[in-house]
Every structure is written in structure tokens, then in C-alpha cells.
$ cat work03.cif   # mmCIF, C-alpha atoms
data_structure
#
loop_
_atom_site.group_PDB
_atom_site.id
_atom_site.type_symbol
_atom_site.label_atom_id
_atom_site.label_comp_id
_atom_site.auth_asym_id
_atom_site.auth_seq_id
_atom_site.Cartn_x
_atom_site.Cartn_y
_atom_site.Cartn_z
ATOM 1 C CA MET A 1 0.000 0.000 0.000
ATOM 2 C CA PRO A 2 1.560 3.349 -0.993
ATOM 3 C CA PRO A 3 2.320 5.476 2.074
ATOM 4 C CA GLU A 4 -0.064 8.230 0.972
ATOM 5 C CA MET A 5 -3.020 5.816 0.872
ATOM 6 C CA PRO A 6 -4.945 5.532 4.157
ATOM 7 C CA PRO A 7 -5.949 2.077 5.381
ATOM 8 C CA VAL A 8 -9.360 0.862 4.298
ATOM 9 C CA LEU A 9 -10.121 -0.083 7.901
ATOM 10 C CA GLU A 10 -8.305 1.015 11.019
ATOM 11 C CA ALA A 11 -8.802 0.387 14.725
ATOM 12 C CA ARG A 12 -7.149 2.573 17.326
ATOM 13 C CA GLY A 13 -6.895 1.541 20.954
ATOM 14 C CA ILE A 14 -9.963 -0.712 21.014
ATOM 15 C CA VAL A 15 -10.999 -1.745 24.515
ATOM 16 C CA LYS A 16 -13.918 -4.030 25.330
ATOM 17 C CA ARG A 17 -14.884 -5.122 28.828
ATOM 18 C CA PHE A 18 -17.485 -7.564 30.053
ATOM 19 C CA GLY A 19 -17.935 -6.706 33.699
ATOM 20 C CA ALA A 20 -14.568 -7.138 35.410
ATOM 21 C CA VAL A 21 -13.097 -8.987 32.429
ATOM 22 C CA THR A 22 -11.197 -7.029 29.788
ATOM 23 C CA ALA A 23 -11.675 -9.022 26.598
ATOM 24 C CA VAL A 24 -9.793 -6.596 24.345
ATOM 25 C CA ALA A 25 -7.126 -4.417 25.924
ATOM 26 C CA GLY A 26 -6.270 -1.444 23.735
ATOM 27 C CA ILE A 27 -5.650 -3.092 20.356
ATOM 28 C CA SER A 28 -4.866 -1.174 17.186
ATOM 29 C CA LEU A 29 -4.600 -2.452 13.629
ATOM 30 C CA GLU A 30 -4.563 -1.207 10.054
ATOM 31 C CA VAL A 31 -5.925 -3.081 7.045
ATOM 32 C CA GLY A 32 -4.808 -1.868 3.635
ATOM 33 C CA ALA A 33 -6.697 -2.363 0.382
ATOM 34 C CA GLY A 34 -6.299 -5.868 -0.998
ATOM 35 C CA ARG A 35 -4.568 -7.101 2.155
ATOM 36 C CA VAL A 36 -5.445 -10.093 4.319
ATOM 37 C CA THR A 37 -5.002 -9.875 8.088
ATOM 38 C CA ALA A 38 -5.271 -13.124 10.050
ATOM 39 C CA ILE A 39 -5.927 -13.085 13.792
ATOM 40 C CA LEU A 40 -4.770 -16.215 15.614
ATOM 41 C CA GLY A 41 -4.655 -17.237 19.245
ATOM 42 C CA PRO A 42 -6.100 -19.581 21.847
ATOM 43 C CA SER A 43 -9.799 -19.778 22.601
ATOM 44 C CA GLY A 44 -10.882 -16.931 24.869
ATOM 45 C CA SER A 45 -8.069 -14.637 23.771
ATOM 46 C CA GLY A 46 -10.460 -11.934 22.523
ATOM 47 C CA LYS A 47 -10.131 -12.561 18.769
ATOM 48 C CA SER A 48 -13.834 -12.719 17.941
ATOM 49 C CA THR A 49 -14.643 -9.846 20.302
ATOM 50 C CA LEU A 50 -12.099 -7.653 18.533
ATOM 51 C CA LEU A 51 -13.591 -8.591 15.173
ATOM 52 C CA ARG A 52 -17.117 -7.795 16.360
ATOM 53 C CA CYS A 53 -15.911 -4.405 17.605
ATOM 54 C CA LEU A 54 -14.731 -3.558 14.092
ATOM 55 C CA ASN A 55 -18.326 -3.314 12.866
ATOM 56 C CA PHE A 56 -19.884 -2.464 16.243
ATOM 57 C CA LEU A 57 -21.673 -5.733 16.793
ATOM 58 C CA GLU A 58 -19.945 -5.164 20.111
ATOM 59 C CA LEU A 59 -19.743 -1.524 21.178
ATOM 60 C CA PRO A 60 -16.160 -0.756 22.256
ATOM 61 C CA ASP A 61 -15.678 0.811 25.668
ATOM 62 C CA ALA A 62 -12.793 2.878 24.308
ATOM 63 C CA GLY A 63 -10.987 3.498 21.053
ATOM 64 C CA GLU A 64 -12.243 4.215 17.562
ATOM 65 C CA VAL A 65 -12.845 2.529 14.239
ATOM 66 C CA ILE A 66 -11.935 4.404 11.061
ATOM 67 C CA LEU A 67 -13.315 3.413 7.656
ATOM 68 C CA ASP A 68 -11.840 4.980 4.521
ATOM 69 C CA GLY A 69 -10.191 7.634 6.669
ATOM 70 C CA VAL A 70 -13.375 8.658 8.515
ATOM 71 C CA ALA A 71 -14.026 7.814 12.167
ATOM 72 C CA VAL A 72 -17.276 5.899 12.684
ATOM 73 C CA ARG A 73 -19.574 7.182 15.392
ATOM 74 C CA PRO A 74 -21.969 4.686 17.018
ATOM 75 C CA ARG A 75 -25.152 6.250 15.689
ATOM 76 C CA ASP A 76 -27.720 4.255 13.776
ATOM 77 C CA ARG A 77 -27.060 5.998 10.469
ATOM 78 C CA ASP A 78 -23.288 5.620 10.793
ATOM 79 C CA LEU A 79 -23.600 1.959 11.757
ATOM 80 C CA ASP A 80 -25.823 1.202 8.765
ATOM 81 C CA ALA A 81 -23.258 2.808 6.474
ATOM 82 C CA LEU A 82 -20.423 0.938 8.178
ATOM 83 C CA ARG A 83 -22.105 -2.440 7.905
ATOM 84 C CA SER A 84 -22.863 -1.912 4.241
ATOM 85 C CA ARG A 85 -19.121 -1.399 3.699
ATOM 86 C CA VAL A 86 -17.815 -3.991 6.158
ATOM 87 C CA GLY A 87 -19.238 -7.437 5.416
ATOM 88 C CA MET A 88 -19.321 -10.181 8.033
ATOM 89 C CA VAL A 89 -19.202 -13.966 7.723
ATOM 90 C CA PHE A 90 -20.053 -15.722 10.982
ATOM 91 C CA GLN A 91 -19.275 -19.140 12.455
ATOM 92 C CA GLN A 92 -22.888 -20.131 11.899
ATOM 93 C CA PHE A 93 -24.369 -19.560 8.480
ATOM 94 C CA ASN A 94 -27.554 -17.715 9.554
ATOM 95 C CA LEU A 95 -29.325 -18.223 6.240
ATOM 96 C CA PHE A 96 -33.087 -17.707 6.230
ATOM 97 C CA PRO A 97 -34.523 -21.234 5.854
ATOM 98 C CA HIS A 98 -37.740 -20.111 4.138
ATOM 99 C CA LEU A 99 -35.879 -18.290 1.346
ATOM 100 C CA LEU A 100 -34.156 -19.840 -1.640
ATOM 101 C CA VAL A 101 -30.384 -19.595 -1.701
ATOM 102 C CA TRP A 102 -30.381 -16.818 -4.304
ATOM 103 C CA GLU A 103 -33.016 -14.932 -2.312
ATOM 104 C CA ASN A 104 -30.766 -15.044 0.759
ATOM 105 C CA VAL A 105 -27.929 -13.542 -1.264
ATOM 106 C CA ALA A 106 -30.171 -10.921 -2.886
ATOM 107 C CA LEU A 107 -31.928 -9.844 0.308
ATOM 108 C CA ALA A 108 -29.590 -7.041 1.409
ATOM 109 C CA PRO A 109 -29.294 -5.347 -2.012
ATOM 110 C CA ARG A 110 -33.077 -5.409 -2.333
ATOM 111 C CA ALA A 111 -33.773 -4.186 1.224
ATOM 112 C CA VAL A 112 -30.945 -1.666 1.609
ATOM 113 C CA ARG A 113 -30.321 -0.425 -1.916
ATOM 114 C CA GLY A 114 -33.745 -0.953 -3.402
ATOM 115 C CA THR A 115 -32.381 -3.148 -6.181
ATOM 116 C CA GLY A 116 -35.174 -4.659 -8.269
ATOM 117 C CA ARG A 117 -35.919 -8.360 -8.128
ATOM 118 C CA GLU A 118 -34.368 -9.224 -11.491
ATOM 119 C CA GLY A 119 -31.267 -7.128 -10.906
ATOM 120 C CA ALA A 120 -30.824 -8.641 -7.452
ATOM 121 C CA ARG A 121 -31.288 -12.158 -8.831
ATOM 122 C CA SER A 122 -28.702 -11.510 -11.546
ATOM 123 C CA LEU A 123 -26.225 -10.279 -8.917
ATOM 124 C CA ALA A 124 -26.957 -13.263 -6.668
ATOM 125 C CA LEU A 125 -26.439 -15.748 -9.490
ATOM 126 C CA ARG A 126 -23.116 -14.153 -10.389
ATOM 127 C CA LEU A 127 -21.909 -14.316 -6.798
ATOM 128 C CA LEU A 128 -23.139 -17.878 -6.321
ATOM 129 C CA ASP A 129 -21.190 -18.851 -9.418
ATOM 130 C CA ARG A 130 -18.131 -17.180 -7.914
ATOM 131 C CA VAL A 131 -18.338 -19.418 -4.829
ATOM 132 C CA GLY A 132 -19.159 -22.556 -6.841
ATOM 133 C CA LEU A 133 -22.876 -22.708 -6.075
ATOM 134 C CA ALA A 134 -24.519 -21.696 -9.341
ATOM 135 C CA ASP A 135 -26.419 -24.990 -9.418
ATOM 136 C CA LYS A 136 -27.852 -24.421 -5.915
ATOM 137 C CA ALA A 137 -29.455 -21.033 -6.513
ATOM 138 C CA ASP A 138 -33.017 -22.365 -6.384
ATOM 139 C CA ALA A 139 -32.450 -24.736 -3.468
ATOM 140 C CA HIS A 140 -33.383 -24.063 0.144
ATOM 141 C CA PRO A 141 -30.565 -23.845 2.708
ATOM 142 C CA SER A 142 -31.667 -27.153 4.277
ATOM 143 C CA GLN A 143 -30.752 -28.864 1.007
ATOM 144 C CA LEU A 144 -27.132 -27.698 1.237
ATOM 145 C CA SER A 145 -24.211 -29.154 3.147
ATOM 146 C CA GLY A 146 -22.594 -27.064 5.862
ATOM 147 C CA GLY A 147 -19.771 -26.080 3.534
ATOM 148 C CA GLN A 148 -22.236 -25.055 0.836
ATOM 149 C CA GLN A 149 -24.215 -23.007 3.328
ATOM 150 C CA GLN A 150 -21.075 -21.198 4.425
ATOM 151 C CA ARG A 151 -20.154 -20.499 0.800
ATOM 152 C CA ALA A 152 -23.662 -19.094 0.301
ATOM 153 C CA ALA A 153 -23.103 -16.914 3.368
ATOM 154 C CA ILE A 154 -19.882 -15.614 1.784
ATOM 155 C CA ALA A 155 -21.801 -14.786 -1.399
ATOM 156 C CA ARG A 156 -24.377 -12.980 0.722
ATOM 157 C CA ALA A 157 -21.632 -10.914 2.388
ATOM 158 C CA LEU A 158 -20.214 -10.022 -1.030
ATOM 159 C CA ALA A 159 -23.594 -8.844 -2.324
ATOM 160 C CA MET A 160 -23.203 -5.372 -0.812
ATOM 161 C CA GLU A 161 -19.779 -4.989 -2.472
ATOM 162 C CA PRO A 162 -18.068 -4.331 0.869
ATOM 163 C CA ALA A 163 -14.743 -2.568 1.204
ATOM 164 C CA VAL A 164 -13.591 -5.264 3.620
ATOM 165 C CA LEU A 165 -14.832 -8.699 4.663
ATOM 166 C CA LEU A 166 -14.622 -9.917 8.256
ATOM 167 C CA PHE A 167 -14.563 -13.675 8.863
ATOM 168 C CA ASP A 168 -15.234 -15.010 12.367
ATOM 169 C CA GLU A 169 -13.989 -18.627 12.486
ATOM 170 C CA PRO A 170 -15.822 -19.445 9.237
ATOM 171 C CA THR A 171 -14.801 -23.121 9.280
ATOM 172 C CA SER A 172 -15.178 -23.901 12.986
ATOM 173 C CA ALA A 173 -18.526 -25.698 12.513
ATOM 174 C CA LEU A 174 -17.346 -27.796 9.553
ATOM 175 C CA ASP A 175 -15.627 -31.142 9.188
ATOM 176 C CA PRO A 176 -12.218 -31.213 7.419
ATOM 177 C CA GLU A 177 -13.571 -31.981 3.939
ATOM 178 C CA LEU A 178 -16.077 -29.128 4.041
ATOM 179 C CA THR A 179 -13.480 -26.846 5.620
ATOM 180 C CA GLY A 180 -11.322 -27.287 2.539
ATOM 181 C CA GLU A 181 -13.996 -26.086 0.139
ATOM 182 C CA VAL A 182 -14.667 -22.943 2.174
ATOM 183 C CA LEU A 183 -10.954 -22.163 2.497
ATOM 184 C CA ALA A 184 -10.585 -22.603 -1.263
ATOM 185 C CA VAL A 185 -13.186 -19.880 -1.817
ATOM 186 C CA MET A 186 -11.413 -17.611 0.671
ATOM 187 C CA ARG A 187 -8.081 -18.226 -1.056
ATOM 188 C CA ALA A 188 -9.664 -17.244 -4.366
ATOM 189 C CA LEU A 189 -11.076 -14.069 -2.826
ATOM 190 C CA ALA A 190 -7.637 -13.178 -1.473
ATOM 191 C CA ALA A 191 -6.079 -13.838 -4.883
ATOM 192 C CA ASP A 192 -8.668 -11.483 -6.417
ATOM 193 C CA GLY A 193 -7.576 -8.707 -4.044
ATOM 194 C CA THR A 194 -10.453 -8.852 -1.566
ATOM 195 C CA THR A 195 -9.591 -7.017 1.647
ATOM 196 C CA MET A 196 -10.138 -9.424 4.543
ATOM 197 C CA VAL A 197 -9.725 -9.761 8.304
ATOM 198 C CA VAL A 198 -9.933 -13.415 9.305
ATOM 199 C CA VAL A 199 -10.202 -14.841 12.805
ATOM 200 C CA THR A 200 -9.206 -18.464 12.399
ATOM 201 C CA HIS A 201 -7.529 -21.533 13.832
ATOM 202 C CA GLU A 202 -6.458 -22.569 10.322
ATOM 203 C CA VAL A 203 -2.736 -21.919 10.683
ATOM 204 C CA ALA A 204 -1.808 -23.268 7.243
ATOM 205 C CA PHE A 205 -4.355 -20.958 5.623
ATOM 206 C CA ALA A 206 -3.032 -17.938 7.528
ATOM 207 C CA ARG A 207 0.533 -18.807 6.626
ATOM 208 C CA ALA A 208 -0.277 -19.178 2.915
ATOM 209 C CA VAL A 209 -2.702 -16.269 2.427
ATOM 210 C CA ALA A 210 -2.251 -13.557 5.072
ATOM 211 C CA HIS A 211 -0.084 -10.508 4.608
ATOM 212 C CA GLU A 212 -0.083 -9.851 8.348
ATOM 213 C CA VAL A 213 -0.722 -12.122 11.328
ATOM 214 C CA LEU A 214 -1.790 -10.920 14.767
ATOM 215 C CA PHE A 215 -1.295 -13.413 17.589
ATOM 216 C CA MET A 216 -3.565 -12.629 20.545
ATOM 217 C CA ASP A 217 -3.616 -13.858 24.112
ATOM 218 C CA ALA A 218 -5.598 -12.555 27.094
ATOM 219 C CA GLY A 219 -6.987 -9.602 25.151
ATOM 220 C CA LEU A 220 -3.608 -8.387 23.910
ATOM 221 C CA VAL A 221 -1.680 -8.609 20.677
ATOM 222 C CA VAL A 222 1.375 -10.552 21.792
ATOM 223 C CA GLU A 223 3.055 -10.546 18.402
ATOM 224 C CA ARG A 224 2.325 -9.251 14.918
ATOM 225 C CA GLY A 225 4.036 -9.331 11.571
ATOM 226 C CA PRO A 226 4.249 -11.304 8.345
ATOM 227 C CA PRO A 227 3.325 -14.994 8.672
ATOM 228 C CA GLU A 228 6.854 -16.154 7.958
ATOM 229 C CA ALA A 229 7.912 -14.330 11.124
ATOM 230 C CA VAL A 230 4.983 -14.841 13.522
ATOM 231 C CA ILE A 231 4.133 -18.421 12.549
ATOM 232 C CA ALA A 232 7.401 -19.810 11.229
ATOM 233 C CA ASN A 233 9.818 -17.977 13.524
ATOM 234 C CA PRO A 234 7.957 -16.393 16.452
ATOM 235 C CA ALA A 235 9.900 -14.149 18.796
ATOM 236 C CA HIS A 236 7.650 -14.358 21.853
ATOM 237 C CA GLU A 237 7.656 -17.405 24.126
ATOM 238 C CA ARG A 238 3.839 -17.498 24.314
ATOM 239 C CA THR A 239 3.612 -17.516 20.526
ATOM 240 C CA ARG A 240 6.227 -20.274 20.285
ATOM 241 C CA ARG A 241 4.250 -22.425 22.719
ATOM 242 C CA PHE A 242 1.037 -21.901 20.745
ATOM 243 C CA PHE A 243 2.633 -22.983 17.508
ATOM 244 C CA GLY A 244 4.466 -25.892 19.171
ATOM 245 C CA ARG A 245 7.962 -24.437 19.004
ATOM 246 C CA GLY A 246 8.632 -24.041 22.687
ATOM 247 C CA ALA A 247 8.474 -25.857 25.974
#

$ encode --input "work03.cif" --output "C-alpha cells"
Amino acid sequence: MPPEMPPVLEARGIVKRFGAVTAVAGISLEVGAGRVTAILGPSGSGKSTLLRCLNFLELPDAGEVILDGVAVRPRDRDLDALRSRVGMVFQQFNLFPHLLVWENVALAPRAVRGTGREGARSLALRLLDRVGLADKADAHPSQLSGGQQQRAAIARALAMEPAVLLFDEPTSALDPELTGEVLAVMRALAADGTTMVVVTHEVAFARAVAHEVLFMDAGLVVERGPPEAVIANPAHERTRRFFGRGA
């Protein structure tokens, strides 16, 4: 990213507490256009909470989120604009069971942008083809495997043409075979220059695809840098233990 270009998404000093527990303790990050940031760490380290703070699904107790150089204020209008620009793919697929797959994908463009039915269907079919589900457009979610449902959820997130996609453990509910098909779609998105922040336990994926890795523990970023440093040659003892390179 040229130095004069601001990050697409930036977090400054994000803090999130749940009662006496500080889940995220003053974390900052910058995500440049076309870059992939992977967030790794043990369960309970605050990874998903940090991700949810980036689009205000969790309201930070301190710090700010900046999108395209503009600080986001937690007002309804600002949050609607933020969420139309920052897509989210969850652990669970959250597809509407009564809608066809293409209708799930087309729902946000129709509801938020007022896109007509035929235009929204055309967009949905194009995105479903992109994730390898063109033949499932007229199926119901219950007729899809878990991996197919997650790929449909990715297509749905892409439908608003977001500036950045957030992934919260998108393969955690899948068996290894279905995990592979979802990761293949995410690899293709990264290769196409999609800006992504990915919370994951898939170390091989992070090592192959991410430009930057953040390793979190106890609400803090313990170590950050390119994957060949953080994963392959970590400097911090806690990171080495996590990746099996220490006592």
C-alpha cells in the first residue's frame, strides 16, 4: 500500500470489557486495500470480540474505528453505512430457511439499496457462481451441506460490495472436507484482491494467504508481523508455545 493511501479499515486503541473482564485491551490495527489480516490465538483470547468491535456488533468501551479515513460514530445511520461497507461472515451460516439460496444472497441489495428483483437475482447468481454454487441457486438452505451453506453466506456478504470482509472462524462448525472447500473460496477471494480480516484456527491458511498475522492472548496482541515471522519464527515465548515451538 503506498504510504499516501490511508488504510481501508483502522482500529485505534480498542478496549472491550465484560464486567470485570477485559476481553480486548487497547488493540490497534490497520488493514490496507487488498490485504489479508489473520488473527490467531487460543480460545478466549479476545479474537472474535475484537472482530465484532470492528463493525460495532460489540460496542467498544474505548478506542475508535476508522473506515476509509473517517471515524465511525456509534449512531444508527453511521452503523448502517459501516455495515454496508464492512461485510461479516459468521461461524454459523444464519441463512433464512424459508428463502431460496439466491433470495438469501439478494436480500440485502433489495432491502438496503432498493435493487429490483431481477437485478438482485442476476447479482446473486453471479456471486453464487463465484463461490461454486450456481447450481444451488433455487435450493433451500436445508438442502445444502454445511460447507455449501457457508459459501452461500460468503456470497451474501459479497452482495453489498463491501470494502472489507470480516470472517469469524468461518470453518469452525465444519468437518475437514467441508473446511477445505470454504478455504478454497477464501483463497480465491484473497487472490482477487479482496480485503479481509480473518479470525481463524487454520494456521496453514493464515501462513499461505495472510499478509499480516496478529497473535492474541488474554486480550492483547502478543506478536504481529508477516506470517513467515509470527508463525514460522515467532519471537515471543507465548507464541512459540502456541505454535508448538517451545516448551

$ atom_distance --input "work03.cif" --atom1 "atom CA of A:Gly32" --atom2 "atom CA of A:Gly69"
11.3 Å

$ closest_residue --input "work03.cif" --among "A:Ala155, A:Leu67, A:Val213, A:Cys53" --to "A:Val182" --atoms "all atoms listed in the file"
A:Ala155

$ atom_distance --input "work03.cif" --atom1 "atom CA of A:Ser43" --atom2 "atom CA of A:Phe242"
11.2 Å

$ axis_aligned_box --input "work03.cif" --around "stretch 198-201 of chain A" --padding-each-side "6 Å" --output "JSON"
{"center_x": -8.9, "center_y": -17.5, "center_z": 11.6, "size_x": 14.7, "size_y": 20.1, "size_z": 16.5}

$ resolve_selection --input "work03.cif" --expression "the PyMOL selection byres ((chain A and resi 201) around 8)" --output "short mmCIF file (atom, residue, chain, number, x, y, z; two decimals) with C-alpha atoms, keeping the file's coordinate frame"
data_model
loop_
_atom_site.label_atom_id
_atom_site.label_comp_id
_atom_site.auth_asym_id
_atom_site.auth_seq_id
_atom_site.Cartn_x
_atom_site.Cartn_y
_atom_site.Cartn_z
CA LEU A 40 -4.77 -16.22 15.61
CA GLY A 41 -4.66 -17.24 19.24
CA GLU A 169 -13.99 -18.63 12.49
CA VAL A 199 -10.20 -14.84 12.80
CA THR A 200 -9.21 -18.46 12.40
CA GLU A 202 -6.46 -22.57 10.32
CA VAL A 203 -2.74 -21.92 10.68
#

$ atom_distance --input "work03.cif" --atom1 "atom CA of A:Gln143" --atom2 "atom CA of A:Leu166"
25.9 Å

$ closest_residue --input "work03.cif" --among "A:Glu118, A:Asp175, A:Glu161, A:Asp80" --to "A:Gly146" --atoms "all atoms listed in the file"
A:Asp175

$ residues_around --input "work03.cif" --residues "A:Ile39" --least-positions-apart "6" --cutoff "12 Å" --atoms "all atoms listed in the file" --output "ChimeraX atom specification"
/A:27,29,45-51,166-169,196-203,205-207,210-217,219-227,230-231

$ closest_residue --input "work03.cif" --among "A:Leu54, A:Ile154, A:Val164, A:Ala71" --to "A:Asn94" --atoms "all atoms listed in the file"
A:Ile154

$ residues_around --input "work03.cif" --residues "stretch 101-105 of chain A" --least-positions-apart "4" --cutoff "8 Å" --atoms "all atoms listed in the file" --output "JSON, numbers by chain"
{"A": [95, 96, 121, 124, 125, 128, 136, 137, 138, 139, 140, 141, 152, 153, 155, 156, 157, 159]}

$ closest_residue --input "work03.cif" --among "A:Met5, A:Val185, A:Leu144, A:Leu57" --to "A:Arg130" --atoms "all atoms listed in the file"
A:Val185

$ residues_around --input "work03.cif" --residues "A:Leu158" --least-positions-apart "4" --cutoff "8 Å" --atoms "only C-alpha atoms" --output "list of chain:residue names"
A:Gly87, A:Leu127, A:Ile154, A:Pro162, A:Leu165

$ residues_around --input "work03.cif" --residues "A:Ala81" --least-positions-apart "4" --cutoff "12 Å" --atoms "all atoms listed in the file" --output "compact mmCIF listing (two decimals) with C-alpha atoms, keeping the file's coordinate frame"
# COMPACT_ATOMS: atom_id res chain seq x y z
CA ASN A 55 -18.33 -3.31 12.87
CA PHE A 56 -19.88 -2.46 16.24
CA LEU A 67 -13.32 3.41 7.66
CA ASP A 68 -11.84 4.98 4.52
CA VAL A 70 -13.38 8.66 8.52
CA ALA A 71 -14.03 7.81 12.17
CA VAL A 72 -17.28 5.90 12.68
CA ARG A 73 -19.57 7.18 15.39
CA PRO A 74 -21.97 4.69 17.02
CA ARG A 75 -25.15 6.25 15.69
CA ASP A 76 -27.72 4.26 13.78
CA ARG A 77 -27.06 6.00 10.47
CA ARG A 85 -19.12 -1.40 3.70
CA VAL A 86 -17.82 -3.99 6.16
CA GLY A 87 -19.24 -7.44 5.42
CA VAL A 112 -30.94 -1.67 1.61
CA ARG A 113 -30.32 -0.42 -1.92
CA MET A 160 -23.20 -5.37 -0.81
CA PRO A 162 -18.07 -4.33 0.87
CA ALA A 163 -14.74 -2.57 1.20

$ closest_residue --input "work03.cif" --among "A:Ile66, A:Ala20, A:Val8, A:Ala235" --to "A:Ala33" --atoms "only C-alpha atoms"
A:Val8

$ closest_residue --input "work03.cif" --among "A:Arg151, A:Arg110, A:His98, A:Arg241" --to "A:Leu183" --atoms "only C-alpha atoms"
A:Arg151

$ build_atoms --input "work03.cif" --residues "stretch 229-245 of chain A" --atoms "N, CA and C atoms" --output "compact mmCIF listing (two decimals), keeping the file's coordinate frame"
# COMPACT_ATOMS: atom_id res chain seq x y z
N ALA A 229 7.30 -14.68 9.85
CA ALA A 229 7.91 -14.33 11.12
C ALA A 229 7.10 -14.86 12.30
N VAL A 230 5.81 -14.52 12.35
CA VAL A 230 4.98 -14.84 13.52
C VAL A 230 4.74 -16.34 13.64
N ILE A 231 4.45 -16.99 12.51
CA ILE A 231 4.13 -18.42 12.55
C ILE A 231 5.38 -19.28 12.44
N ALA A 232 6.24 -18.95 11.50
CA ALA A 232 7.40 -19.81 11.23
C ALA A 232 8.56 -19.55 12.18
N ASN A 233 8.66 -18.31 12.68
CA ASN A 233 9.82 -17.98 13.52
C ASN A 233 9.41 -16.97 14.59
N PRO A 234 8.47 -17.35 15.46
CA PRO A 234 7.96 -16.39 16.45
C PRO A 234 9.03 -15.96 17.44
N ALA A 235 8.93 -14.70 17.86
CA ALA A 235 9.90 -14.15 18.80
C ALA A 235 9.47 -14.32 20.25
N HIS A 236 8.17 -14.34 20.49
CA HIS A 236 7.65 -14.36 21.85
C HIS A 236 7.44 -15.80 22.32
N GLU A 237 7.77 -16.05 23.59
CA GLU A 237 7.66 -17.40 24.13
C GLU A 237 6.22 -17.92 24.09
N ARG A 238 5.24 -17.05 24.35
CA ARG A 238 3.84 -17.50 24.31
C ARG A 238 3.44 -17.90 22.90
N THR A 239 3.91 -17.17 21.91
CA THR A 239 3.61 -17.52 20.53
C THR A 239 4.28 -18.83 20.15
N ARG A 240 5.51 -19.02 20.58
CA ARG A 240 6.23 -20.27 20.28
C ARG A 240 5.49 -21.46 20.88
N ARG A 241 4.99 -21.31 22.10
CA ARG A 241 4.25 -22.42 22.72
C ARG A 241 2.98 -22.74 21.94
N PHE A 242 2.28 -21.70 21.49
CA PHE A 242 1.04 -21.90 20.74
C PHE A 242 1.28 -22.67 19.45
N PHE A 243 2.33 -22.32 18.77
CA PHE A 243 2.63 -22.98 17.51
C PHE A 243 3.53 -24.21 17.67
N GLY A 244 3.75 -24.66 18.93
CA GLY A 244 4.47 -25.89 19.17
C GLY A 244 5.96 -25.80 19.00
N ARG A 245 6.52 -24.60 19.20
CA ARG A 245 7.96 -24.44 19.00
C ARG A 245 8.68 -24.07 20.29
